[in-house]
Structure formats: C-alpha cells, structure tokens
$ cat structure_37.cif   # mmCIF, C-alpha atoms (C1' of nucleotides)
data_my_file
loop_
_atom_site.label_atom_id
_atom_site.label_comp_id
_atom_site.auth_asym_id
_atom_site.auth_seq_id
_atom_site.Cartn_x
_atom_site.Cartn_y
_atom_site.Cartn_z
CA MET T 57 0.00 0.00 0.00
CA LYS T 58 2.57 2.51 -1.06
CA PRO T 59 1.95 5.90 -2.56
CA ALA T 60 2.35 6.43 -6.30
CA ASP T 61 6.06 6.14 -6.60
CA ILE T 62 7.48 4.03 -9.38
CA SER T 63 9.18 6.29 -11.84
CA LEU T 64 10.50 5.17 -15.20
CA THR T 65 13.51 7.43 -15.12
CA ALA T 66 14.36 6.77 -11.49
CA CYS T 67 13.97 3.02 -11.41
CA SER T 68 17.17 1.02 -11.47
CA TYR T 69 15.65 -1.74 -13.54
CA THR T 70 15.17 0.70 -16.35
CA HIS T 71 18.78 1.78 -16.23
CA VAL T 72 20.14 -1.67 -16.95
CA LEU T 73 17.56 -2.32 -19.59
CA GLU T 74 18.43 0.96 -21.22
CA ILE T 75 21.89 -0.53 -21.74
CA ILE T 76 21.28 -4.14 -22.67
CA SER T 77 17.78 -4.25 -24.07
CA ASN T 78 18.68 -3.35 -27.64
CA LYS T 79 18.25 -6.10 -30.14
CA TRP T 80 21.95 -6.96 -30.43
CA THR T 81 23.71 -5.66 -27.33
CA ALA T 82 23.37 -8.82 -25.30
CA LEU T 83 24.69 -10.94 -28.13
CA VAL T 84 27.67 -8.68 -28.68
CA ILE T 85 28.60 -8.80 -25.01
CA TYR T 86 28.18 -12.54 -25.17
CA SER T 87 30.61 -12.74 -28.08
CA LEU T 88 33.16 -10.79 -26.05
CA GLU T 89 32.92 -12.91 -22.93
CA GLU T 90 35.97 -15.00 -23.71
CA GLY T 91 38.30 -12.11 -24.42
CA THR T 92 39.50 -9.79 -27.14
CA ILE T 93 38.29 -10.34 -30.66
CA ARG T 94 38.21 -8.44 -33.92
CA TYR T 95 35.31 -6.68 -35.54
CA GLY T 96 35.07 -9.21 -38.33
CA GLU T 97 35.14 -12.07 -35.86
CA ILE T 98 32.19 -10.67 -33.96
CA LYS T 99 30.29 -10.20 -37.16
CA LYS T 100 30.99 -13.76 -38.22
CA ARG T 101 29.88 -15.08 -34.86
CA ILE T 102 26.58 -13.29 -34.66
CA GLU T 103 24.12 -14.61 -37.17
CA GLY T 104 22.28 -11.99 -39.17
CA ILE T 105 23.75 -8.79 -37.76
CA SER T 106 24.47 -6.00 -40.23
CA GLN T 107 27.62 -3.86 -40.20
CA LYS T 108 25.57 -0.87 -39.29
CA MET T 109 23.98 -2.48 -36.27
CA LEU T 110 27.19 -4.08 -35.09
CA THR T 111 29.08 -0.80 -35.33
CA GLN T 112 26.29 1.10 -33.66
CA THR T 113 26.04 -1.40 -30.84
CA LEU T 114 29.78 -1.39 -30.28
CA ARG T 115 29.84 2.40 -30.21
CA GLN T 116 27.16 2.44 -27.57
CA LEU T 117 29.01 -0.09 -25.48
CA GLU T 118 32.20 1.92 -25.86
CA ARG T 119 30.43 5.10 -24.94
CA ASP T 120 29.00 3.41 -21.86
CA GLY T 121 32.48 2.33 -20.80
CA LEU T 122 31.70 -1.36 -21.17
CA VAL T 123 33.95 -2.10 -24.12
CA THR T 124 37.39 -0.98 -25.23
CA ARG T 125 38.17 -0.32 -28.87
CA LYS T 126 41.77 -0.70 -30.00
CA VAL T 127 42.76 0.38 -33.48
CA THR T 128 45.96 -0.89 -35.08
CA PRO T 129 46.52 1.43 -38.03
CA SER T 130 47.80 -1.00 -40.62
CA VAL T 131 46.54 -1.71 -44.12
CA PRO T 132 44.07 -3.25 -43.90
CA PRO T 133 43.24 -1.95 -40.42
CA ILE T 134 42.80 -4.16 -37.38
CA VAL T 135 40.27 -3.25 -34.73
CA ASP T 136 39.99 -5.25 -31.52
CA TYR T 137 37.24 -5.09 -28.95
CA THR T 138 37.51 -6.10 -25.32
CA LEU T 139 35.21 -5.94 -22.34
CA THR T 140 36.35 -3.40 -19.76
CA PRO T 141 36.39 -4.36 -16.07
CA LEU T 142 33.07 -2.53 -15.83
CA GLY T 143 31.78 -4.49 -18.78
CA LYS T 144 32.79 -7.73 -17.16
CA THR T 145 30.65 -6.98 -14.13
CA LEU T 146 27.69 -7.51 -16.41
CA ILE T 147 28.58 -11.13 -17.08
CA PRO T 148 27.10 -12.55 -13.85
CA CYS T 149 23.86 -10.72 -14.57
CA MET T 150 23.72 -12.07 -18.08
CA LYS T 151 24.47 -15.54 -16.83
CA MET T 152 21.59 -15.29 -14.46
CA LEU T 153 19.25 -14.21 -17.21
CA LYS T 154 20.55 -17.05 -19.31
CA GLU T 155 19.87 -19.54 -16.57
CA TRP T 156 16.42 -18.18 -15.99
CA ALA T 157 15.63 -18.61 -19.65
CA ALA T 158 17.05 -22.11 -19.75
CA GLU T 159 14.95 -23.08 -16.76
CA HIS T 160 11.72 -21.21 -17.32
CA TYR T 161 11.38 -20.13 -20.92
CA PRO T 162 9.84 -23.46 -21.93
CA SER T 163 7.05 -22.75 -19.43
CA VAL T 164 6.53 -19.37 -21.01
CA GLN T 165 6.23 -20.88 -24.45
CA GLN T 166 3.79 -23.41 -23.11
CA ALA T 167 1.74 -20.65 -21.51
CA ARG T 168 1.61 -18.85 -24.83
CA VAL T 169 0.28 -21.87 -26.61
CA SER T 170 -2.37 -22.42 -23.95
CA TYR T 171 -3.32 -18.78 -24.15
CA GLU T 172 -3.86 -18.90 -27.87
CA LEU T 173 -5.89 -22.07 -27.57
CA SER T 174 -8.24 -20.57 -25.01
CA GLU T 175 -8.58 -17.56 -27.29
CA GLU T 176 -9.75 -19.69 -30.19
CA ASN T 177 -12.41 -21.28 -28.03
CA GLY T 178 -14.91 -19.48 -25.86
CA GLU T 179 -12.19 -17.82 -23.76
CA VAL T 180 -14.19 -15.61 -21.37
CA ARG T 181 -16.02 -18.19 -19.31
CA GLN T 182 -14.95 -17.53 -15.75
CA LEU T 183 -17.97 -17.08 -13.50
CA GLU T 184 -20.53 -16.91 -16.30
CA SER T 185 -23.29 -17.13 -13.71
CA MET M 237 37.89 -19.16 -32.03
CA LYS M 238 34.47 -20.63 -32.42
CA PRO M 239 32.57 -20.95 -35.64
CA ALA M 240 29.79 -18.52 -36.47
CA ASP M 241 27.22 -19.58 -33.96
CA ILE M 242 25.39 -16.93 -32.01
CA SER M 243 21.84 -16.84 -33.19
CA LEU M 244 19.35 -14.19 -32.17
CA THR M 245 16.43 -16.57 -32.04
CA ALA M 246 18.31 -19.38 -30.34
CA CYS M 247 20.15 -17.39 -27.66
CA SER M 248 18.73 -17.57 -24.18
CA TYR M 249 19.63 -13.98 -23.40
CA THR M 250 17.29 -12.86 -26.11
CA HIS M 251 14.43 -14.91 -24.72
CA VAL M 252 14.42 -13.15 -21.39
CA LEU M 253 14.84 -9.77 -22.96
CA GLU M 254 11.97 -10.53 -25.29
CA ILE M 255 9.86 -10.75 -22.14
CA ILE M 256 11.10 -7.97 -19.90
CA SER M 257 12.69 -5.44 -22.22
CA ASN M 258 9.55 -3.53 -23.08
CA LYS M 259 9.37 -0.05 -21.73
CA TRP M 260 7.01 -0.87 -18.87
CA THR M 261 7.17 -4.59 -18.19
CA ALA M 262 9.87 -4.44 -15.55
CA LEU M 263 8.05 -1.69 -13.69
CA VAL M 264 4.77 -3.59 -13.74
CA ILE M 265 6.42 -6.71 -12.36
CA TYR M 266 8.05 -4.53 -9.77
CA SER M 267 4.68 -3.15 -8.71
CA LEU M 268 3.40 -6.69 -8.28
CA GLU M 269 6.28 -7.91 -6.15
CA GLU M 270 4.47 -7.45 -2.89
CA GLY M 271 1.30 -9.26 -3.83
CA THR M 272 -2.08 -8.89 -5.45
CA ILE M 273 -3.18 -5.43 -6.44
CA ARG M 274 -5.84 -3.87 -8.62
CA TYR M 275 -5.51 -2.35 -12.05
CA GLY M 276 -6.06 1.14 -10.80
CA GLU M 277 -3.52 0.68 -8.05
CA ILE M 278 -0.83 -0.33 -10.52
CA LYS M 279 -1.64 2.65 -12.65
CA LYS M 280 -1.42 4.98 -9.71
CA ARG M 281 1.91 3.53 -8.69
CA ILE M 282 3.65 3.77 -12.01
CA GLU M 283 4.33 7.31 -12.97
CA GLY M 284 3.38 8.24 -16.50
CA ILE M 285 1.98 4.97 -17.80
CA SER M 286 -1.09 5.17 -20.02
CA GLN M 287 -4.06 2.80 -19.77
CA LYS M 288 -3.22 1.40 -23.13
CA MET M 289 0.33 0.51 -22.26
CA LEU M 290 -0.58 -0.83 -18.84
CA THR M 291 -3.29 -3.04 -20.26
CA GLN M 292 -1.07 -4.19 -23.09
CA THR M 293 1.78 -4.98 -20.74
CA LEU M 294 -0.48 -6.90 -18.39
CA ARG M 295 -1.94 -8.88 -21.28
CA GLN M 296 1.52 -9.89 -22.40
CA LEU M 297 2.48 -10.92 -18.91
CA GLU M 298 -0.73 -12.89 -18.61
CA ARG M 299 -0.17 -14.54 -21.93
CA ASP M 300 3.36 -15.48 -20.90
CA GLY M 301 2.03 -17.11 -17.75
CA LEU M 302 3.74 -14.62 -15.46
CA VAL M 303 0.67 -12.90 -14.11
CA THR M 304 -2.82 -13.96 -13.12
CA ARG M 305 -5.84 -11.81 -13.89
CA LYS M 306 -8.86 -12.19 -11.66
CA VAL M 307 -12.09 -10.46 -12.59
CA THR M 308 -14.81 -9.85 -10.02
CA PRO M 309 -17.90 -8.98 -12.05
CA SER M 310 -19.44 -6.29 -9.93
CA VAL M 311 -20.44 -2.77 -10.88
CA PRO M 312 -18.00 -1.20 -11.19
CA PRO M 313 -15.80 -4.22 -11.93
CA ILE M 314 -12.81 -5.21 -9.85
CA VAL M 315 -9.75 -6.67 -11.56
CA ASP M 316 -6.84 -8.00 -9.54
CA TYR M 317 -3.42 -8.97 -10.79
CA THR M 318 -0.99 -11.35 -9.12
CA LEU M 319 2.37 -12.81 -10.03
CA THR M 320 2.18 -16.53 -10.76
CA PRO M 321 4.78 -18.87 -9.28
CA LEU M 322 6.51 -18.67 -12.65
CA GLY M 323 6.36 -14.91 -12.52
CA LYS M 324 7.90 -14.89 -9.07
CA THR M 325 10.95 -16.76 -10.35
CA LEU M 326 11.81 -13.58 -12.20
CA ILE M 327 12.19 -11.57 -9.02
CA PRO M 328 15.72 -12.74 -8.19
CA CYS M 329 16.82 -11.86 -11.71
CA MET M 330 15.30 -8.44 -11.45
CA LYS M 331 16.91 -7.91 -8.08
CA MET M 332 20.27 -8.75 -9.59
CA LEU M 333 19.75 -6.26 -12.39
CA LYS M 334 18.69 -3.71 -9.84
CA GLU M 335 21.80 -4.27 -7.80
CA TRP M 336 24.01 -4.06 -10.84
CA ALA M 337 22.49 -0.71 -11.71
CA ALA M 338 22.83 0.58 -8.17
CA GLU M 339 26.48 -0.39 -8.12
CA HIS M 340 27.63 0.34 -11.64
CA TYR M 341 25.26 2.70 -13.37
CA PRO M 342 27.02 5.75 -11.97
CA SER M 343 30.17 4.56 -13.72
CA VAL M 344 28.26 4.26 -16.96
CA GLN M 345 26.96 7.79 -16.64
CA GLN M 346 30.47 8.98 -15.94
CA ALA M 347 31.77 7.14 -18.98
CA ARG M 348 29.14 8.84 -21.10
CA VAL M 349 30.17 12.26 -19.95
CA SER M 350 33.84 11.51 -20.62
CA TYR M 351 32.94 10.20 -24.04
CA GLU M 352 31.10 13.33 -25.02
CA LEU M 353 33.93 15.49 -23.77
CA SER M 354 36.53 13.65 -25.85
CA GLU M 355 34.23 14.02 -28.83
CA GLU M 356 34.11 17.79 -28.50
CA ASN M 357 37.90 17.94 -28.50
CA GLY M 358 40.22 16.31 -30.98
CA GLU M 359 38.94 12.79 -30.22
CA VAL M 360 40.95 10.62 -32.68
CA ARG M 361 44.44 11.03 -31.36
CA GLN M 362 45.59 7.54 -30.59
CA LEU M 363 48.92 6.83 -32.31
CA GLU M 364 48.88 9.90 -34.53
CA SER M 365 52.47 9.10 -35.48
"C1'" DC K 51 -13.60 0.94 -13.01
"C1'" DG K 52 -11.20 -1.26 -16.41
"C1'" DG K 53 -10.81 -1.53 -20.31
"C1'" DG K 54 -11.36 -1.63 -26.25
"C1'" DA K 55 -10.68 0.65 -30.83
"C1'" DT K 56 -8.37 4.04 -33.61
"C1'" DC K 57 -5.15 7.12 -35.32
"C1'" DC K 58 -0.67 9.10 -35.34
"C1'" DT K 59 4.40 9.60 -34.66
"C1'" DG K 60 9.34 8.75 -33.80
"C1'" DC K 61 12.87 5.85 -33.32
"C1'" DA K 62 15.07 1.36 -33.81
"C1'" DT K 63 16.29 -1.53 -37.30
"C1'" DG K 64 17.49 -2.84 -41.97
"C1'" DA K 65 19.23 -2.65 -47.10
"C1'" DT K 66 22.32 -0.66 -50.04
"C1'" DA K 67 26.22 1.80 -51.78
"C1'" DC K 68 30.62 4.01 -51.06
"C1'" DT K 69 35.55 4.70 -48.67
"C1'" DG K 70 40.50 5.13 -46.30
"C1'" DC B 180 38.98 -4.77 -43.10
"C1'" DA B 181 36.23 -1.86 -40.76
"C1'" DG B 182 33.77 1.16 -41.18
"C1'" DT B 183 30.43 5.88 -42.85
"C1'" DA B 184 26.39 7.79 -45.26
"C1'" DT B 185 21.84 7.65 -46.99
"C1'" DC B 186 17.32 6.09 -47.55
"C1'" DA B 187 13.41 3.20 -46.41
"C1'" DT B 188 10.09 0.94 -43.00
"C1'" DG B 189 7.77 -1.30 -39.31
"C1'" DC B 190 6.43 -1.46 -34.94
"C1'" DA B 191 6.50 0.27 -30.06
"C1'" DG B 192 4.51 3.67 -27.78
"C1'" DG B 193 1.36 7.68 -26.92
"C1'" DA B 194 -3.10 10.57 -27.37
"C1'" DT B 195 -7.83 10.42 -27.68
"C1'" DC B 196 -12.53 8.82 -27.65
"C1'" DC B 197 -15.86 5.35 -26.59
"C1'" DC B 198 -18.13 1.38 -23.86
"C1'" DG B 199 -20.39 -2.24 -20.34
#
$ encode --input "structure_37.cif" --output "structure tokens"
Amino acid sequence: MKPADISLTACSYTHVLEIISNKWTALVIYSLEEGTIRYGEIKKRIEGISQKMLTQTLRQLERDGLVTRKVTPSVPPIVDYTLTPLGKTLIPCMKMLKEWAAEHYPSVQQARVSYELSEENGEVRQLES
Amino acid sequence: MKPADISLTACSYTHVLEIISNKWTALVIYSLEEGTIRYGEIKKRIEGISQKMLTQTLRQLERDGLVTRKVTPSVPPIVDYTLTPLGKTLIPCMKMLKEWAAEHYPSVQQARVSYELSEENGEVRQLES
DNA sequence: CGGGATCCTGCATGATACTG
DNA sequence: CAGTATCATGCAGGATCCCG
C-alpha cells in the first residue's frame, strides 16, 4: 500500500535495460565474454547482424564504458574489442538471465500456446453465472 | 575461435529480454512484487503509464504465464493482478539487475560524460604518429 | 472501473552503396 | 577490413474517444 512512486527514469531496472535491451547488445557482449576479438570475428559469430547495427552497438558499449576499442593502423586496419572491467561486471547478470531462460522459458512458451488455444475457443467463461 | 554460432532466435539472453525489455514490463512486475493489487492501483503507482500501455503490458504478462488476472464482475468491476509462481521466479533476476544498476550505473553515466567530452575535443588522437 | 478501438508519430532496425 | 552515409520501414509507444 505505497503511494504512487514508481518512476521510469528513477527506477534502477530501467537503467540496466536501457543498456542491454537493444536487439543486439546482449549478443555482442556474449561474443566478447571470452576475451579480445576483432570486428570481423564478432560479425561472423553473430548470425544476421548488419555492419551498421554491429558498429552502432559497439559504439554504444564503448560510450557506456563497457567495451574498449583498440585500433591498429595497418593496411588493412585491425580493430579489436575487449570488455572493460566494468563491462565484465555484467557477465554474472547475463548468466543469471541465461539460466532463468534455460529453466523457465519453456514454461513461457507453453503458456503462450495455452493462451492462444483458449482464445480460439470461448475464452471468457470464468464465473458466467 | 568458435565458428559462427550466435543466433538471435536461439540465444537464451534474447528470450528473457523478449519478455522484460519492453518499456514498462519491468516496472509492472516490480509493482506486483508485494502481492495482489488492482488495475487502478498499478496505474497509480507507475508514474506516467497510459491505460493502453498498462493493459497491453499486463496482457503480455498474462499470456506469458507470469501474471494472473482475476475479474470480479461487480459494478464497477474489480480486476486483480498477481504474479504466478513462474512470474515470481523472475524476481531474483530483477533484483540482480537492480543491484548491478545501483552499483555500476554511476560509472556508466560517468563514462558517457567523458565520451562526449573527448568528442568535442580532438577525439581521434591515438597513435597519430 | 477497467478496459477496447483508432489514429498518429518517432525511433530502432534494416538494405544498399561508397571509402580510407 | 572496418567502417560511414543515406534512404526506407515497421512497430512500439502515446493521445484520444468510446463502452459495459
């Protein structure tokens, strides 16, 4: 019985989601978990990502201090990306999300199927006195 | 040195984010943490949410088996929402995200400020041999 | 009170072409 | 190789009005 007090901009949940809830961010971090890799390597690892989205995602992560970008000015150029110490603190969180999904996502899928089924039928039947 | 193997649709990270990464979902779950409350109560608690978005978010959560909707057909009607056991399994995850934000989000904000500052100046200076 | 139905808008994402 | 630039688009999200 609290007062009205959950603010979008103030809530911590929102702050994390603001960082990792983009379509590709989580996958990019995932690809960097094991250490430093090159731009092209990331792109090869993540199925279906475009250059634009990969670059954009990496820039955001760099800007947020979660990833380090190292340019070796050769021809052709080499660009390596690494998780910063701050970035690495996200790993346990991601692992937890991963475990939750592994454990409970099947239930969610099942619930969705049931939901659609009950929609096709009469659906609203509770307490039809 | 793995092969190309991170798929958006197959990755567990994505599955959780698919559920909680909407603008309001996390806040709605948060408002339900303490137990059953009514539609109007949720709306009062979450600053700035519209009826449409609240209803839509609750429907998704219901469809995913995370929330129970109980209608008491009186005039005016009473509708209560409760986290299901499955929904409650999300709480520890959310708490972890919350803690991460509390601990590390200030660093992210700081990184953003630094990033903008270095943009205003010369920015690309690394190894300008 | 607790919605449903509609219309509108911006931003996230994507496809394509070019470059140092 | 590792991008930048431009253009196109679809859907999340918001505003508004109506209803049992």
$ closest_atom_pairs --input "structure_37.cif" --of "chain M" --to "chain T" --cutoff "7 Å" --atoms "all atoms listed in the file" --output "Markdown table"
| residue | atom | partner | partner_atom | distance |
| --- | --- | --- | --- | --- |
| M:Pro239 | CA | T:Arg101 | CA | 6.5 |
| M:Ala240 | CA | T:Arg101 | CA | 3.8 |
| M:Asp241 | CA | T:Arg101 | CA | 5.3 |
| M:Ile242 | CA | T:Ile102 | CA | 4.7 |
| M:Ser243 | CA | T:Glu103 | CA | 5.1 |
| M:Leu244 | CA | T:Glu103 | CA | 6.9 |
| M:Ser248 | CA | T:Lys154 | CA | 5.2 |
| M:Tyr249 | CA | T:Lys154 | CA | 5.2 |
| M:His251 | CA | T:Ala157 | CA | 6.4 |
| M:Val252 | CA | T:Ala157 | CA | 5.9 |
| M:Leu253 | CA | T:Ser77 | CA | 6.4 |
| M:Ser257 | CA | T:Ser77 | CA | 5.5 |
| M:Ala262 | CA | T:Tyr69 | CA | 6.7 |
| M:Lys280 | CA | T:Ala60 | CA | 5.3 |
| M:Arg281 | CA | T:Ala60 | CA | 3.8 |
| M:Ile282 | CA | T:Ile62 | CA | 4.7 |
| M:Glu283 | CA | T:Ser63 | CA | 5.1 |
| M:Arg299 | CA | T:Arg168 | CA | 5.5 |
| M:Asp300 | CA | T:Val164 | CA | 5.0 |
| M:Gly301 | CA | T:Ala167 | CA | 5.2 |
| M:Cys329 | CA | T:Leu153 | CA | 6.5 |
| M:Met332 | CA | T:Cys149 | CA | 6.4 |
| M:Leu333 | CA | T:Tyr69 | CA | 6.2 |
| M:Lys334 | CA | T:Tyr69 | CA | 5.2 |
| M:Ala337 | CA | T:Ser68 | CA | 5.6 |
| M:Ala338 | CA | T:Ser68 | CA | 6.6 |
| M:Val344 | CA | T:Asp120 | CA | 5.0 |
| M:Ala347 | CA | T:Gly121 | CA | 5.2 |
| M:Arg348 | CA | T:Asp120 | CA | 5.5 |
| M:Tyr351 | CA | T:Arg119 | CA | 5.8 |
$ interface_residues --input "structure_37.cif" --of "chain B" --to "chain M" --cutoff "10 Å" --atoms "only C-alpha atoms (C1' of nucleotides)" --output "short mmCIF file (atom, residue, chain, number, x, y, z; two decimals) with C-alpha atoms (C1' of nucleotides), in the frame of the given file"
data_model
loop_
_atom_site.label_atom_id
_atom_site.label_comp_id
_atom_site.auth_asym_id
_atom_site.auth_seq_id
_atom_site.Cartn_x
_atom_site.Cartn_y
_atom_site.Cartn_z
"C1'" DA B 191 6.50 0.27 -30.06
"C1'" DG B 192 4.51 3.67 -27.78
"C1'" DG B 193 1.36 7.68 -26.92
"C1'" DA B 194 -3.10 10.57 -27.37
"C1'" DG B 199 -20.39 -2.24 -20.34
#
$ interface_residues --input "structure_37.cif" --of "chain M" --to "chain K" --cutoff "8 Å" --atoms "all atoms listed in the file" --output "compact mmCIF listing (two decimals) with C-alpha atoms, keeping the file's coordinate frame"
# COMPACT_ATOMS: atom_id res chain seq x y z
CA TYR M 275 -5.51 -2.35 -12.05
CA GLY M 276 -6.06 1.14 -10.80
CA THR M 291 -3.29 -3.04 -20.26
CA PRO M 312 -18.00 -1.20 -11.19
CA PRO M 313 -15.80 -4.22 -11.93
CA ILE M 314 -12.81 -5.21 -9.85
CA VAL M 315 -9.75 -6.67 -11.56
$ axis_aligned_box --input "structure_37.cif" --around "range 182-199 of chain B" --padding-each-side "8 Å" --output "lines of an AutoDock Vina configuration file"
center_x = 6.7
center_y = 4.2
center_z = -33.9
size_x = 70.2
size_y = 28.8
size_z = 43.2
$ residues_around --input "structure_37.cif" --residues "Val123 in chain T" --least-positions-apart "6" --cutoff "10 Å" --atoms "only C-alpha atoms (C1' of nucleotides)" --output "ChimeraX atom specification"
/T:85,88,92,114-117,137-144
$ write_last_selection --input "structure_37.cif" --atoms "C-alpha atoms" --output "tab-separated table (two decimals), keeping the file's coordinate frame"
chain	number	residue	atom	x	y	z
T	85	ILE	CA	28.60	-8.80	-25.01
T	88	LEU	CA	33.16	-10.79	-26.05
T	92	THR	CA	39.50	-9.79	-27.14
T	114	LEU	CA	29.78	-1.39	-30.28
T	115	ARG	CA	29.84	2.40	-30.21
T	116	GLN	CA	27.16	2.44	-27.57
T	117	LEU	CA	29.01	-0.09	-25.48
T	137	TYR	CA	37.24	-5.09	-28.95
T	138	THR	CA	37.51	-6.10	-25.32
T	139	LEU	CA	35.21	-5.94	-22.34
T	140	THR	CA	36.35	-3.40	-19.76
T	141	PRO	CA	36.39	-4.36	-16.07
T	142	LEU	CA	33.07	-2.53	-15.83
T	143	GLY	CA	31.78	-4.49	-18.78
T	144	LYS	CA	32.79	-7.73	-17.16
$ atom_distance --input "structure_37.cif" --atom1 "CA of Thr124 in chain T" --atom2 "CA of Arg94 in chain T"
11.5 Å
$ atom_distance --input "structure_37.cif" --atom1 "CA of Asp316 in chain M" --atom2 "CA of Gln292 in chain M"
15.2 Å
$ atom_distance --input "structure_37.cif" --atom1 "CA of Ser354 in chain M" --atom2 "C1' of DG182 in chain B"
20.0 Å
$ build_atoms --input "structure_37.cif" --residues "range 266-275 of chain M" --atoms "all heavy atoms" --output "PDB file, in the frame of the given file"
ATOM      1  N   TYR M 266       7.599  -5.136 -11.012  1.00  0.00           N
ATOM      2  CA  TYR M 266       8.050  -4.530  -9.770  1.00  0.00           C
ATOM      3  C   TYR M 266       6.872  -4.150  -8.879  1.00  0.00           C
ATOM      4  O   TYR M 266       6.873  -4.395  -7.669  1.00  0.00           O
ATOM      5  CB  TYR M 266       8.882  -3.295 -10.102  1.00  0.00           C
ATOM      6  CG  TYR M 266       9.506  -2.621  -8.919  1.00  0.00           C
ATOM      7  CD1 TYR M 266      10.034  -3.361  -7.857  1.00  0.00           C
ATOM      8  CD2 TYR M 266       9.593  -1.234  -8.862  1.00  0.00           C
ATOM      9  CE1 TYR M 266      10.616  -2.728  -6.770  1.00  0.00           C
ATOM     10  CE2 TYR M 266      10.176  -0.601  -7.777  1.00  0.00           C
ATOM     11  CZ  TYR M 266      10.674  -1.344  -6.736  1.00  0.00           C
ATOM     12  OH  TYR M 266      11.251  -0.709  -5.663  1.00  0.00           O
ATOM     13  N   SER M 267       5.841  -3.592  -9.482  1.00  0.00           N
ATOM     14  CA  SER M 267       4.680  -3.150  -8.710  1.00  0.00           C
ATOM     15  C   SER M 267       3.882  -4.322  -8.152  1.00  0.00           C
ATOM     16  O   SER M 267       3.086  -4.175  -7.233  1.00  0.00           O
ATOM     17  CB  SER M 267       3.771  -2.277  -9.579  1.00  0.00           C
ATOM     18  OG  SER M 267       3.049  -3.077 -10.504  1.00  0.00           O
ATOM     19  N   LEU M 268       4.128  -5.507  -8.735  1.00  0.00           N
ATOM     20  CA  LEU M 268       3.400  -6.690  -8.280  1.00  0.00           C
ATOM     21  C   LEU M 268       4.191  -7.538  -7.287  1.00  0.00           C
ATOM     22  O   LEU M 268       3.688  -8.541  -6.782  1.00  0.00           O
ATOM     23  CB  LEU M 268       3.016  -7.558  -9.488  1.00  0.00           C
ATOM     24  CG  LEU M 268       1.949  -6.990 -10.426  1.00  0.00           C
ATOM     25  CD1 LEU M 268       1.839  -7.826 -11.682  1.00  0.00           C
ATOM     26  CD2 LEU M 268       0.605  -6.910  -9.714  1.00  0.00           C
ATOM     27  N   GLU M 269       5.391  -7.124  -7.011  1.00  0.00           N
ATOM     28  CA  GLU M 269       6.280  -7.910  -6.150  1.00  0.00           C
ATOM     29  C   GLU M 269       5.674  -8.232  -4.788  1.00  0.00           C
ATOM     30  O   GLU M 269       5.863  -9.313  -4.258  1.00  0.00           O
ATOM     31  CB  GLU M 269       7.595  -7.156  -5.931  1.00  0.00           C
ATOM     32  CG  GLU M 269       8.693  -7.547  -6.884  1.00  0.00           C
ATOM     33  CD  GLU M 269      10.030  -6.951  -6.447  1.00  0.00           C
ATOM     34  OE1 GLU M 269      10.257  -6.789  -5.224  1.00  0.00           O
ATOM     35  OE2 GLU M 269      10.824  -6.649  -7.332  1.00  0.00           O
ATOM     36  N   GLU M 270       4.953  -7.276  -4.262  1.00  0.00           N
ATOM     37  CA  GLU M 270       4.470  -7.450  -2.890  1.00  0.00           C
ATOM     38  C   GLU M 270       3.162  -8.206  -2.766  1.00  0.00           C
ATOM     39  O   GLU M 270       2.698  -8.479  -1.673  1.00  0.00           O
ATOM     40  CB  GLU M 270       4.344  -6.084  -2.219  1.00  0.00           C
ATOM     41  CG  GLU M 270       5.689  -5.411  -2.018  1.00  0.00           C
ATOM     42  CD  GLU M 270       5.525  -3.941  -1.698  1.00  0.00           C
ATOM     43  OE1 GLU M 270       4.409  -3.529  -1.342  1.00  0.00           O
ATOM     44  OE2 GLU M 270       6.534  -3.210  -1.813  1.00  0.00           O
ATOM     45  N   GLY M 271       2.544  -8.503  -3.902  1.00  0.00           N
ATOM     46  CA  GLY M 271       1.300  -9.260  -3.830  1.00  0.00           C
ATOM     47  C   GLY M 271       0.259  -8.777  -4.807  1.00  0.00           C
ATOM     48  O   GLY M 271       0.553  -8.039  -5.744  1.00  0.00           O
ATOM     49  N   THR M 272      -0.972  -9.191  -4.562  1.00  0.00           N
ATOM     50  CA  THR M 272      -2.080  -8.890  -5.450  1.00  0.00           C
ATOM     51  C   THR M 272      -2.493  -7.426  -5.345  1.00  0.00           C
ATOM     52  O   THR M 272      -2.695  -6.915  -4.244  1.00  0.00           O
ATOM     53  CB  THR M 272      -3.289  -9.764  -5.084  1.00  0.00           C
ATOM     54  OG1 THR M 272      -2.912 -11.130  -5.215  1.00  0.00           O
ATOM     55  CG2 THR M 272      -4.462  -9.475  -5.994  1.00  0.00           C
ATOM     56  N   ILE M 273      -2.607  -6.772  -6.474  1.00  0.00           N
ATOM     57  CA  ILE M 273      -3.180  -5.430  -6.440  1.00  0.00           C
ATOM     58  C   ILE M 273      -4.080  -5.204  -7.657  1.00  0.00           C
ATOM     59  O   ILE M 273      -4.031  -5.936  -8.640  1.00  0.00           O
ATOM     60  CB  ILE M 273      -2.123  -4.312  -6.351  1.00  0.00           C
ATOM     61  CG1 ILE M 273      -1.243  -4.276  -7.587  1.00  0.00           C
ATOM     62  CG2 ILE M 273      -1.276  -4.456  -5.116  1.00  0.00           C
ATOM     63  CD1 ILE M 273      -0.259  -3.109  -7.562  1.00  0.00           C
ATOM     64  N   ARG M 274      -4.863  -4.162  -7.568  1.00  0.00           N
ATOM     65  CA  ARG M 274      -5.840  -3.870  -8.620  1.00  0.00           C
ATOM     66  C   ARG M 274      -5.228  -3.055  -9.743  1.00  0.00           C
ATOM     67  O   ARG M 274      -4.220  -2.386  -9.572  1.00  0.00           O
ATOM     68  CB  ARG M 274      -7.025  -3.101  -8.013  1.00  0.00           C
ATOM     69  CG  ARG M 274      -7.816  -3.887  -7.024  1.00  0.00           C
ATOM     70  CD  ARG M 274      -8.968  -3.078  -6.482  1.00  0.00           C
ATOM     71  NE  ARG M 274      -9.873  -2.644  -7.548  1.00  0.00           N
ATOM     72  CZ  ARG M 274     -11.021  -2.018  -7.328  1.00  0.00           C
ATOM     73  NH1 ARG M 274     -11.389  -1.752  -6.089  1.00  0.00           N
ATOM     74  NH2 ARG M 274     -11.789  -1.649  -8.325  1.00  0.00           N
ATOM     75  N   TYR M 275      -5.920  -3.097 -10.863  1.00  0.00           N
ATOM     76  CA  TYR M 275      -5.510  -2.350 -12.050  1.00  0.00           C
ATOM     77  C   TYR M 275      -5.228  -0.881 -11.729  1.00  0.00           C
ATOM     78  O   TYR M 275      -4.161  -0.352 -12.032  1.00  0.00           O
ATOM     79  CB  TYR M 275      -6.592  -2.467 -13.122  1.00  0.00           C
ATOM     80  CG  TYR M 275      -6.274  -1.768 -14.414  1.00  0.00           C
ATOM     81  CD1 TYR M 275      -5.631  -2.435 -15.446  1.00  0.00           C
ATOM     82  CD2 TYR M 275      -6.629  -0.431 -14.607  1.00  0.00           C
ATOM     83  CE1 TYR M 275      -5.348  -1.796 -16.639  1.00  0.00           C
ATOM     84  CE2 TYR M 275      -6.340   0.219 -15.790  1.00  0.00           C
ATOM     85  CZ  TYR M 275      -5.703  -0.461 -16.805  1.00  0.00           C
ATOM     86  OH  TYR M 275      -5.424   0.190 -17.970  1.00  0.00           O
TER      87      TYR M 275
END
